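Source file: data.cif; contents: mmCIF, C-alpha atoms.
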```
data_coords
#
loop_
_atom_site.label_atom_id
_atom_site.label_comp_id
_atom_site.auth_asym_id
_atom_site.auth_seq_id
_atom_site.Cartn_x
_atom_site.Cartn_y
_atom_site.Cartn_z
CA MET V 1 -17.41 3.13 34.80
CA THR V 2 -16.58 1.95 38.29
CA LEU V 3 -14.22 -1.03 38.52
CA PRO V 4 -13.41 -3.22 41.53
CA ALA V 5 -10.19 -2.16 43.22
CA ALA V 6 -8.74 -5.69 43.09
CA TYR V 7 -9.33 -5.90 39.32
CA VAL V 8 -7.75 -2.49 38.75
CA ALA V 9 -4.71 -3.41 40.83
CA GLU V 10 -4.06 -6.57 38.82
CA HIS V 11 -5.24 -5.82 35.27
CA VAL V 12 -5.23 -2.05 34.66
CA ASP V 13 -2.28 0.18 33.80
CA LEU V 14 -2.28 3.97 33.68
CA GLY V 15 -1.97 5.28 30.12
CA TYR V 16 -1.27 8.73 28.66
CA ALA V 17 -2.30 10.14 25.28
CA VAL V 18 0.31 12.41 23.71
CA THR V 19 0.97 13.77 20.24
CA ALA V 20 3.65 12.25 18.03
CA HIS V 21 5.72 15.41 18.44
CA ARG V 22 5.71 15.12 22.25
CA ALA V 23 6.41 11.40 22.06
CA GLN V 24 9.83 11.91 20.47
CA GLY V 25 12.53 10.52 22.76
CA MET V 26 10.02 8.65 24.94
CA THR V 27 10.07 4.90 25.50
CA VAL V 28 7.04 3.03 26.87
CA ASP V 29 6.10 -0.62 27.28
CA THR V 30 3.26 -0.53 24.75
CA SER V 31 2.38 2.13 22.17
CA HIS V 32 -1.13 2.44 20.68
CA VAL V 33 -1.18 4.73 17.65
CA VAL V 34 -4.21 6.30 15.96
CA VAL V 35 -3.47 6.72 12.23
CA THR V 36 -5.54 8.82 9.81
CA GLY V 37 -5.16 9.73 6.16
CA SER V 38 -3.50 13.02 7.11
CA THR V 39 -0.75 11.43 9.23
CA THR V 40 2.73 12.13 7.85
CA ARG V 41 5.34 9.44 7.33
CA GLU V 42 7.66 11.06 9.89
CA ASN V 43 5.02 11.15 12.64
CA PHE V 44 4.01 7.56 11.88
CA TYR V 45 7.62 6.42 12.26
CA VAL V 46 8.02 8.21 15.60
CA SER V 47 4.73 6.84 16.94
CA MET V 48 5.42 3.26 15.92
CA THR V 49 8.89 3.12 17.50
CA ARG V 50 8.04 4.25 21.05
CA GLY V 51 6.91 0.87 22.44
CA ARG V 52 9.47 -1.48 23.96
CA ASP V 53 7.21 -4.55 23.89
CA SER V 54 4.72 -3.74 21.15
CA ASN V 55 3.48 -0.99 18.85
CA ILE V 56 -0.12 -1.24 17.61
CA ALA V 57 -1.66 1.00 14.94
CA TYR V 58 -5.40 1.73 14.80
CA VAL V 59 -6.26 3.00 11.32
CA ALA V 60 -9.24 5.36 11.05
CA LEU V 61 -11.27 4.66 7.90
CA ASP V 62 -14.06 7.21 8.39
CA LYS V 63 -12.04 10.18 7.11
CA PRO V 64 -9.53 9.03 4.50
CA ASP V 65 -7.38 11.71 2.95
CA GLU V 66 -8.38 11.88 -0.75
CA GLY V 67 -4.87 12.87 -1.74
CA HIS V 68 -3.43 9.57 -0.52
CA ALA V 69 -6.25 7.02 -0.37
CA PRO V 70 -9.09 6.23 -2.76
CA PRO V 71 -12.42 7.77 -1.69
CA GLU V 72 -14.60 4.85 -2.74
CA PRO V 73 -15.91 3.14 0.44
CA ASP V 74 -15.24 -0.36 -0.87
CA GLU V 75 -11.58 0.48 -1.59
CA VAL V 76 -10.81 2.32 1.65
CA ASN V 77 -9.06 -0.04 4.03
CA ALA V 78 -6.13 -0.03 6.43
CA HIS V 79 -3.71 -0.93 3.64
CA THR V 80 -4.70 1.98 1.37
CA VAL V 81 -4.61 4.51 4.22
CA LEU V 82 -1.21 3.31 5.42
CA TYR V 83 0.07 3.36 1.83
CA GLY V 84 -0.98 7.01 1.62
CA VAL V 85 0.70 7.81 4.93
CA LEU V 86 4.00 6.41 3.63
CA GLN V 87 3.74 8.73 0.60
CA HIS V 88 2.91 11.75 2.79
CA ILE V 89 6.31 13.28 3.53
CA GLY V 90 6.16 16.12 6.03
CA GLY V 91 9.84 16.85 6.54
CA GLU V 92 12.06 19.08 4.43
CA LEU V 93 14.16 17.41 1.74
CA SER V 94 17.92 17.20 1.97
CA ALA V 95 20.05 18.89 -0.69
CA HIS V 96 20.55 15.56 -2.48
CA GLN V 97 16.84 14.71 -2.29
CA MET V 98 16.00 18.18 -3.59
CA ILE V 99 18.30 17.70 -6.60
CA VAL V 100 16.76 14.31 -7.40
CA ALA V 101 13.24 15.72 -7.02
CA GLU V 102 14.05 18.68 -9.25
CA GLN V 103 15.53 16.41 -11.91
CA GLY V 104 12.39 14.30 -11.79
CA ARG V 105 10.20 17.39 -12.06
CA CYS V 106 12.06 18.66 -15.11
CA ALA V 107 11.59 15.31 -16.85
CA SER V 108 7.95 14.99 -15.77
CA ILE V 109 5.05 15.20 -18.19
CA ALA V 110 3.68 18.08 -16.13
CA GLN V 111 6.78 20.12 -16.97
CA LEU V 112 7.11 18.94 -20.58
CA ALA V 113 3.40 19.53 -21.27
CA ALA V 114 3.63 23.05 -19.84
CA GLU V 115 6.61 23.75 -22.09
CA TYR V 116 4.75 22.35 -25.10
CA GLU V 117 1.66 24.47 -24.36
CA THR V 118 3.75 27.63 -23.93
CA ILE V 119 5.81 27.09 -27.09
CA GLY V 120 2.65 26.23 -29.03
CA ALA V 121 0.93 29.43 -27.88
CA VAL V 122 3.87 31.55 -29.04
CA ALA V 123 4.33 29.64 -32.29
CA GLN V 124 0.68 29.95 -33.31
CA ARG V 125 -0.06 33.45 -31.99
CA ASP V 126 0.31 35.32 -35.28
CA ARG V 127 -1.81 32.74 -37.02
CA TRP V 128 -4.67 33.05 -34.54
CA VAL V 129 -4.47 36.84 -34.56
CA ALA V 130 -4.84 36.76 -38.34
CA ALA V 131 -7.80 34.35 -38.09
CA ILE V 132 -9.53 36.62 -35.57
CA ARG V 133 -9.00 39.66 -37.82
CA ARG V 134 -10.62 37.74 -40.72
CA SER V 135 -13.52 36.46 -38.63
CA GLY V 136 -15.89 39.37 -39.28
CA LEU V 137 -15.27 41.29 -36.05
CA THR V 138 -14.89 45.06 -36.26
CA ASP V 139 -11.45 46.55 -35.71
CA ALA V 140 -12.52 47.72 -32.26
CA GLN V 141 -13.81 44.25 -31.36
CA VAL V 142 -10.59 42.63 -32.60
CA GLU V 143 -8.50 44.91 -30.39
CA GLN V 144 -10.79 44.16 -27.46
CA VAL V 145 -10.27 40.42 -27.92
CA LEU V 146 -6.49 40.72 -28.31
CA ALA V 147 -6.22 42.84 -25.16
CA SER V 148 -8.53 40.67 -23.02
CA GLU V 149 -7.54 37.93 -20.57
CA SER V 150 -9.65 35.50 -22.59
CA PHE V 151 -7.35 35.72 -25.63
CA GLY V 152 -5.02 32.98 -24.36
CA PRO V 153 -7.85 30.54 -23.53
CA LEU V 154 -9.45 31.37 -26.89
CA THR V 155 -6.31 30.40 -28.82
CA ALA V 156 -6.08 27.20 -26.77
CA GLU V 157 -9.68 26.42 -27.72
CA LEU V 158 -8.92 27.11 -31.39
CA ARG V 159 -6.00 24.68 -31.20
CA ARG V 160 -8.22 22.06 -29.55
CA ALA V 161 -10.87 22.49 -32.27
CA GLU V 162 -8.26 22.09 -34.99
CA ALA V 163 -6.85 19.00 -33.30
CA ASN V 164 -10.38 17.58 -33.55
CA HIS V 165 -10.26 18.15 -37.34
CA HIS V 166 -12.44 21.29 -37.48
CA ASP V 167 -11.65 23.90 -40.13
CA VAL V 168 -11.08 26.86 -37.82
CA ASP V 169 -10.74 29.39 -40.66
CA ARG V 170 -14.30 28.56 -41.75
CA LEU V 171 -15.77 27.85 -38.32
CA LEU V 172 -14.71 31.09 -36.59
CA PRO V 173 -16.48 33.49 -39.03
CA ALA V 174 -19.63 31.35 -38.78
CA LEU V 175 -19.59 31.64 -35.00
CA VAL V 176 -19.07 35.41 -35.13
CA ALA V 177 -22.00 35.81 -37.54
CA ARG V 178 -24.29 33.58 -35.50
CA ARG V 179 -25.41 36.44 -33.24
CA SER V 180 -24.43 40.04 -32.63
CA LEU V 181 -21.57 40.61 -30.21
CA ASP V 182 -22.21 44.32 -29.70
CA ASP V 183 -23.51 43.83 -26.16
CA ALA V 184 -20.89 41.25 -25.11
CA GLU V 185 -18.71 42.28 -22.16
CA ASP V 186 -16.02 39.76 -23.07
CA ILE V 187 -16.13 38.80 -26.75
CA GLY V 188 -13.33 36.25 -26.33
CA ALA V 189 -15.25 34.42 -23.61
CA VAL V 190 -18.38 34.36 -25.78
CA LEU V 191 -16.42 32.92 -28.71
CA ILE V 192 -14.92 30.25 -26.45
CA SER V 193 -18.42 29.21 -25.38
CA ARG V 194 -19.63 29.10 -29.00
CA LEU V 195 -16.56 27.11 -30.06
CA GLN V 196 -17.09 24.53 -27.32
CA LYS V 197 -20.73 24.04 -28.27
CA ALA V 198 -20.02 23.90 -32.02
CA THR V 199 -17.24 21.33 -31.64
CA GLN V 200 -19.09 18.99 -29.30
CA PRO V 201 -19.09 15.52 -30.89
CA LYS V 202 -22.52 14.56 -32.20
CA ARG V 203 -23.96 11.10 -31.70
CA GLY V 204 -23.67 8.88 -34.71
CA ASN V 205 -21.22 11.26 -36.38
CA ARG V 206 -17.87 9.49 -36.35
CA ARG V 207 -14.88 11.78 -36.75
CA PRO V 208 -11.21 10.84 -37.17
CA SER V 209 -9.25 10.39 -33.96
CA PRO V 210 -8.11 13.77 -32.60
CA LYS V 211 -4.49 14.79 -33.07
CA LEU V 212 -3.18 14.57 -29.52
CA VAL V 213 0.26 14.16 -27.97
CA VAL V 214 0.17 11.10 -25.71
CA GLY V 215 -3.61 11.06 -26.04
CA LEU V 216 -4.02 14.26 -23.99
CA ILE V 217 -2.38 17.37 -25.42
CA PRO V 218 -3.83 18.93 -28.61
CA VAL V 219 -1.14 19.08 -31.29
CA ALA V 220 0.10 22.56 -32.24
CA ASP V 221 0.82 22.62 -35.96
CA GLY V 222 0.27 24.81 -39.01
CA PRO V 223 2.58 27.54 -40.33
CA MET V 224 5.36 28.46 -37.88
CA SER V 225 9.10 28.98 -37.78
CA GLU V 226 11.38 25.97 -38.11
CA GLU V 227 12.82 26.67 -34.67
CA MET V 228 9.38 26.55 -33.03
CA ALA V 229 8.40 23.40 -34.96
CA THR V 230 11.59 21.67 -33.82
CA ALA V 231 11.05 22.67 -30.19
CA LEU V 232 7.48 21.32 -30.27
CA THR V 233 8.56 18.04 -31.88
CA GLU V 234 11.27 17.55 -29.26
CA ARG V 235 8.81 18.08 -26.38
CA ALA V 236 6.23 15.81 -27.97
CA ASP V 237 8.81 13.02 -28.41
CA GLN V 238 9.97 13.41 -24.80
CA VAL V 239 6.39 13.24 -23.52
CA GLU V 240 5.66 10.10 -25.54
CA ALA V 241 8.90 8.43 -24.41
CA ARG V 242 8.28 9.17 -20.73
CA ALA V 243 4.66 8.00 -20.96
CA LEU V 244 5.75 4.66 -22.43
CA THR V 245 8.41 4.29 -19.72
CA LEU V 246 5.86 4.99 -16.98
CA ALA V 247 3.39 2.55 -18.53
CA GLY V 248 6.06 -0.15 -18.73
CA SER V 249 7.05 0.41 -15.10
CA ALA V 250 3.43 0.22 -13.97
CA ILE V 251 2.97 -3.09 -15.78
CA GLU V 252 6.21 -4.52 -14.38
CA GLU V 253 5.32 -3.45 -10.84
CA ARG V 254 1.68 -4.55 -11.24
CA ALA V 255 0.41 -1.16 -10.15
CA PRO V 256 -3.07 -1.44 -8.56
CA TRP V 257 -4.54 1.26 -10.82
CA LEU V 258 -4.03 -1.01 -13.85
CA LYS V 259 -6.89 -3.28 -12.72
CA ARG V 260 -9.48 -1.08 -14.45
CA LEU V 261 -7.61 -1.41 -17.75
CA GLY V 262 -7.73 -5.20 -17.84
CA ARG V 263 -5.02 -7.83 -18.13
CA ALA V 264 -2.20 -7.21 -20.61
CA PRO V 265 -2.84 -9.19 -23.83
CA VAL V 266 -0.36 -11.88 -24.86
CA THR V 267 -0.37 -11.33 -28.64
CA ALA V 268 2.26 -8.74 -29.62
CA GLU V 269 0.07 -6.59 -31.88
CA VAL V 270 -2.89 -6.57 -29.48
CA ARG V 271 -0.56 -5.85 -26.57
CA ARG V 272 0.87 -2.88 -28.51
CA ARG V 273 -2.62 -1.41 -28.98
CA TRP V 274 -3.42 -1.97 -25.29
CA LEU V 275 -0.14 -0.35 -24.22
CA HIS V 276 -0.96 2.64 -26.44
CA GLU V 277 -4.02 3.32 -24.25
CA VAL V 278 -2.18 2.57 -21.00
CA ARG V 279 0.47 5.15 -21.81
CA ALA V 280 -2.24 7.87 -22.06
CA VAL V 281 -3.47 7.05 -18.54
CA ALA V 282 0.09 6.92 -17.21
CA ALA V 283 0.73 10.31 -18.79
CA TYR V 284 -2.37 11.76 -17.13
CA ARG V 285 -1.32 10.47 -13.71
CA ASP V 286 2.17 11.91 -14.12
CA ARG V 287 0.88 15.24 -15.40
CA TYR V 288 -1.43 15.76 -12.43
CA GLY V 289 0.52 13.93 -9.73
CA VAL V 290 -2.13 11.24 -9.18
CA GLU V 291 -1.04 8.53 -6.74
CA GLY V 292 -2.67 5.55 -5.08
CA HIS V 293 -5.24 3.06 -6.32
CA ARG V 294 -7.73 5.46 -7.86
CA VAL V 295 -6.88 5.73 -11.55
CA LEU V 296 -7.72 9.39 -12.26
CA GLY V 297 -7.91 10.92 -8.80
CA GLU V 298 -10.19 13.91 -8.33
CA PRO V 299 -9.98 16.47 -11.20
CA ARG V 300 -9.89 20.01 -9.81
CA THR V 301 -9.63 22.35 -12.80
CA ASP V 302 -11.47 22.59 -16.13
CA ALA V 303 -8.28 21.64 -17.98
CA GLN V 304 -7.79 18.58 -15.78
CA LYS V 305 -11.43 17.56 -16.21
CA LEU V 306 -10.97 17.70 -19.98
CA ASP V 307 -7.85 15.54 -19.76
CA ALA V 308 -9.63 13.20 -17.33
CA ALA V 309 -12.37 12.67 -19.92
CA ARG V 310 -9.73 11.76 -22.51
CA ALA V 311 -7.99 9.43 -20.05
CA GLU V 312 -11.34 7.81 -19.20
CA LEU V 313 -11.86 7.02 -22.88
CA ALA V 314 -8.39 5.48 -22.95
CA ILE V 315 -9.33 3.33 -19.95
CA ARG V 316 -12.46 2.08 -21.69
CA ARG V 317 -10.60 1.31 -24.91
CA ALA V 318 -7.86 -0.53 -23.01
CA ARG V 319 -10.44 -2.58 -21.13
CA ALA V 320 -12.24 -3.45 -24.36
CA ILE V 321 -8.98 -4.55 -26.00
CA ALA V 322 -8.05 -6.67 -22.97
CA ASP V 323 -11.52 -8.26 -22.75
CA ASP V 324 -11.59 -9.05 -26.48
CA ALA V 325 -8.11 -10.58 -26.25
CA ALA V 326 -9.14 -12.71 -23.27
CA THR V 327 -12.29 -13.90 -25.07
CA THR V 328 -10.30 -14.77 -28.20
CA GLN V 329 -7.70 -16.64 -26.15
CA GLU V 330 -10.40 -18.59 -24.32
CA ALA V 331 -12.17 -19.50 -27.57
CA ARG V 332 -8.87 -20.65 -29.05
CA SER V 333 -8.18 -22.84 -26.02
CA VAL V 334 -11.63 -24.43 -26.26
CA ALA V 335 -11.12 -25.10 -29.99
CA LEU V 336 -7.76 -26.78 -29.34
CA GLU V 337 -9.02 -28.97 -26.49
CA PRO V 338 -10.41 -31.79 -28.73
CA GLN V 339 -7.05 -31.88 -30.56
CA ARG V 340 -5.22 -32.24 -27.27
CA ARG V 341 -7.49 -35.08 -26.19
CA SER V 342 -7.01 -36.80 -29.53
CA ALA V 343 -3.24 -36.45 -29.27
CA LEU V 344 -3.37 -37.98 -25.77
CA GLY V 345 -5.59 -40.81 -27.00
CA GLY V 346 -8.63 -39.58 -25.04
#
```

Just give me the structure as structure tokens.
Amino acid sequence: MTLPAAYVAEHVDLGYAVTAHRAQGMTVDTSHVVVTGSTTRENFYVSMTRGRDSNIAYVALDKPDEGHAPPEPDEVNAHTVLYGVLQHIGGELSAHQMIVAEQGRCASIAQLAAEYETIGAVAQRDRWVAAIRRSGLTDAQVEQVLASESFGPLTAELRRAEANHHDVDRLLPALVARRSLDDAEDIGAVLISRLQKATQPKRGNRRPSPKLVVGLIPVADGPMSEEMATALTERADQVEARALTLAGSAIEERAPWLKRLGRAPVTAEVRRRWLHEVRAVAAYRDRYGVEGHRVLGEPRTDAQKLDAARAELAIRRARAIADDAATTQEARSVALEPQRRSALGG
């Protein structure tokens, strides 16, 4: 574009584009900053403190960072992107910050759940080995399963099936006898697949609620040493306590992700049932480090997808409880309105 010299002399200033790193120490009259979802908090601070007269941020919405801003187009705005930037710390932590972060990590549901899973696997190992030996496999096939990498996932699947009230001691032999395993390269993997298909909930067939810690983690029970049982109980109690604390904090702070779960009911008993579902979602977010407005984030592993499905059910139940409570409250208000008018002489 060609501009008149007189206009340029009066209205145009020469500007330079530099990176936030190069801008450190500089001072200019006006700073114009391009902010994206991948901008770190440190770079944002440097960029927005260079201008003497003004500092203006232009937030790019076409490429939001999924780790810090919700990916849904209708929820992506300057506020959500900037919120993500402020959570995106690029600098190294100080010694004090590192201690605080480590203490938080040790008390997190991610850590406690990992401990619970590990202790449960050790506590139940002998039991699952015995069940596999009684399942109808040949001695050679049993040894192949025990030595394979699929043994751990298989025991986890057995625990999940039992938590869903399946009789594993009867189910496993039936799955082994269903079809020959002589040509299977990984017998454990085949049994996992058969277990998953056999334990899929069937429509119209209502089963008792699964035995889950904080609505996510299959309970490890059955015969085991007293020491192992105590360790599992302690972890389970710690997980439940932290989940309730996180849920309470989210409610007090009016966390944006609570919108999908509905408004907290007023009645104590109904509120308790609603909070029971909220704590499962809070536990999921803490376990997988989900931040921002999007309730469940983007599940990346099979285990997380399974937990996300459980958390999604908790969201739906919480919403149903909240909606029912709101409808009941509204109906009660309508019923009391004639009484109020009568009392006021209307």

Nearby residues (only C-alpha atoms) at most 6 Å from range 274-287 of chain V, same-chain spacing under 2 positions excluded, as a VMD selection string: chain V and resid 109 to 110 214 to 215 243 to 244 247 271 to 272 289 to 290 311 314 318

Answer key for the PyMOL selection byres ((chain V and resi 195) around 8), residues as number ranges by chain: V: 157-158, 161, 172, 175, 191-194, 196-199

Skipping near chain neighbours, those fewer than 3 positions away, what residues fall within 12 Å of Lys259 in chain V using all atoms listed in the file, listed as a compact mmCIF listing (two decimals) with C-alpha atoms, in the frame of the given file?
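The result, stored in around32.txt:
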```txt
# COMPACT_ATOMS: atom_id res chain seq x y z
CA ALA V 250 3.43 0.22 -13.97
CA ILE V 251 2.97 -3.09 -15.78
CA ARG V 254 1.68 -4.55 -11.24
CA ALA V 255 0.41 -1.16 -10.15
CA PRO V 256 -3.07 -1.44 -8.56
CA GLY V 262 -7.73 -5.20 -17.84
CA ARG V 263 -5.02 -7.83 -18.13
CA ALA V 264 -2.20 -7.21 -20.61
CA VAL V 278 -2.18 2.57 -21.00
CA HIS V 293 -5.24 3.06 -6.32
CA ARG V 294 -7.73 5.46 -7.86
CA VAL V 295 -6.88 5.73 -11.55
CA ILE V 315 -9.33 3.33 -19.95
CA ARG V 316 -12.46 2.08 -21.69
CA ALA V 318 -7.86 -0.53 -23.01
CA ARG V 319 -10.44 -2.58 -21.13
CA ALA V 322 -8.05 -6.67 -22.97
```

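Take the candidates V:Leu216, V:Glu226, V:Ala123, V:Glu234 and check each one against Leu313 in chain V using only C-alpha atoms; the shortest distance goes to V:Leu216.
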
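Using the PyMOL selection byres ((chain V and resi 224) around 10) on the file at hand returns these residues: Gly120, Val122, Ala123, Gln124, Arg125, Asp126, Arg127, Ala220, Asp221, Gly222, Pro223, Ser225, Glu226, Glu227, Met228 and Ala229 of chain V.
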
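Remark: for Pro208 in chain V, the closest of the candidate residues V:His166, V:Arg178, V:Arg260, V:Arg133 is V:His166 (distances computed over only C-alpha atoms).
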
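If only C-alpha atoms are the atoms counted, then among V:Asp323, V:Glu240, V:Asp186, V:Glu298 the closest residue to Ser108 in chain V is V:Glu240.
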
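Between CA of Thr327 in chain V and CA of Pro265 in chain V there is a distance of 10.6 Å.
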
Kindly output range 152-164 of chain V as a short mmCIF file (atom, residue, chain, number, x, y, z; two decimals), in the frame of the given file, after building N, CA and C atoms.
```
data_model
loop_
_atom_site.label_atom_id
_atom_site.label_comp_id
_atom_site.auth_asym_id
_atom_site.auth_seq_id
_atom_site.Cartn_x
_atom_site.Cartn_y
_atom_site.Cartn_z
N GLY V 152 -5.80 34.21 -24.50
CA GLY V 152 -5.02 32.98 -24.36
C GLY V 152 -5.91 31.74 -24.36
N PRO V 153 -6.94 31.69 -23.49
CA PRO V 153 -7.85 30.54 -23.53
C PRO V 153 -8.54 30.36 -24.88
N LEU V 154 -8.82 31.47 -25.57
CA LEU V 154 -9.45 31.37 -26.89
C LEU V 154 -8.52 30.67 -27.88
N THR V 155 -7.25 31.05 -27.89
CA THR V 155 -6.31 30.40 -28.82
C THR V 155 -6.13 28.93 -28.48
N ALA V 156 -6.17 28.61 -27.18
CA ALA V 156 -6.08 27.20 -26.77
C ALA V 156 -7.29 26.42 -27.28
N GLU V 157 -8.46 27.07 -27.24
CA GLU V 157 -9.68 26.42 -27.72
C GLU V 157 -9.65 26.25 -29.24
N LEU V 158 -9.07 27.23 -29.93
CA LEU V 158 -8.92 27.11 -31.39
C LEU V 158 -7.99 25.94 -31.73
N ARG V 159 -6.92 25.79 -30.96
CA ARG V 159 -6.00 24.68 -31.20
C ARG V 159 -6.69 23.35 -30.92
N ARG V 160 -7.50 23.30 -29.87
CA ARG V 160 -8.22 22.06 -29.55
C ARG V 160 -9.19 21.71 -30.67
N ALA V 161 -9.91 22.73 -31.19
CA ALA V 161 -10.87 22.49 -32.27
C ALA V 161 -10.15 21.96 -33.51
N GLU V 162 -9.01 22.53 -33.82
CA GLU V 162 -8.26 22.09 -34.99
C GLU V 162 -7.74 20.67 -34.80
N ALA V 163 -7.32 20.35 -33.58
CA ALA V 163 -6.85 19.00 -33.30
C ALA V 163 -7.97 17.98 -33.48
N ASN V 164 -9.22 18.44 -33.34
CA ASN V 164 -10.38 17.58 -33.55
C ASN V 164 -10.89 17.66 -34.99
#
```
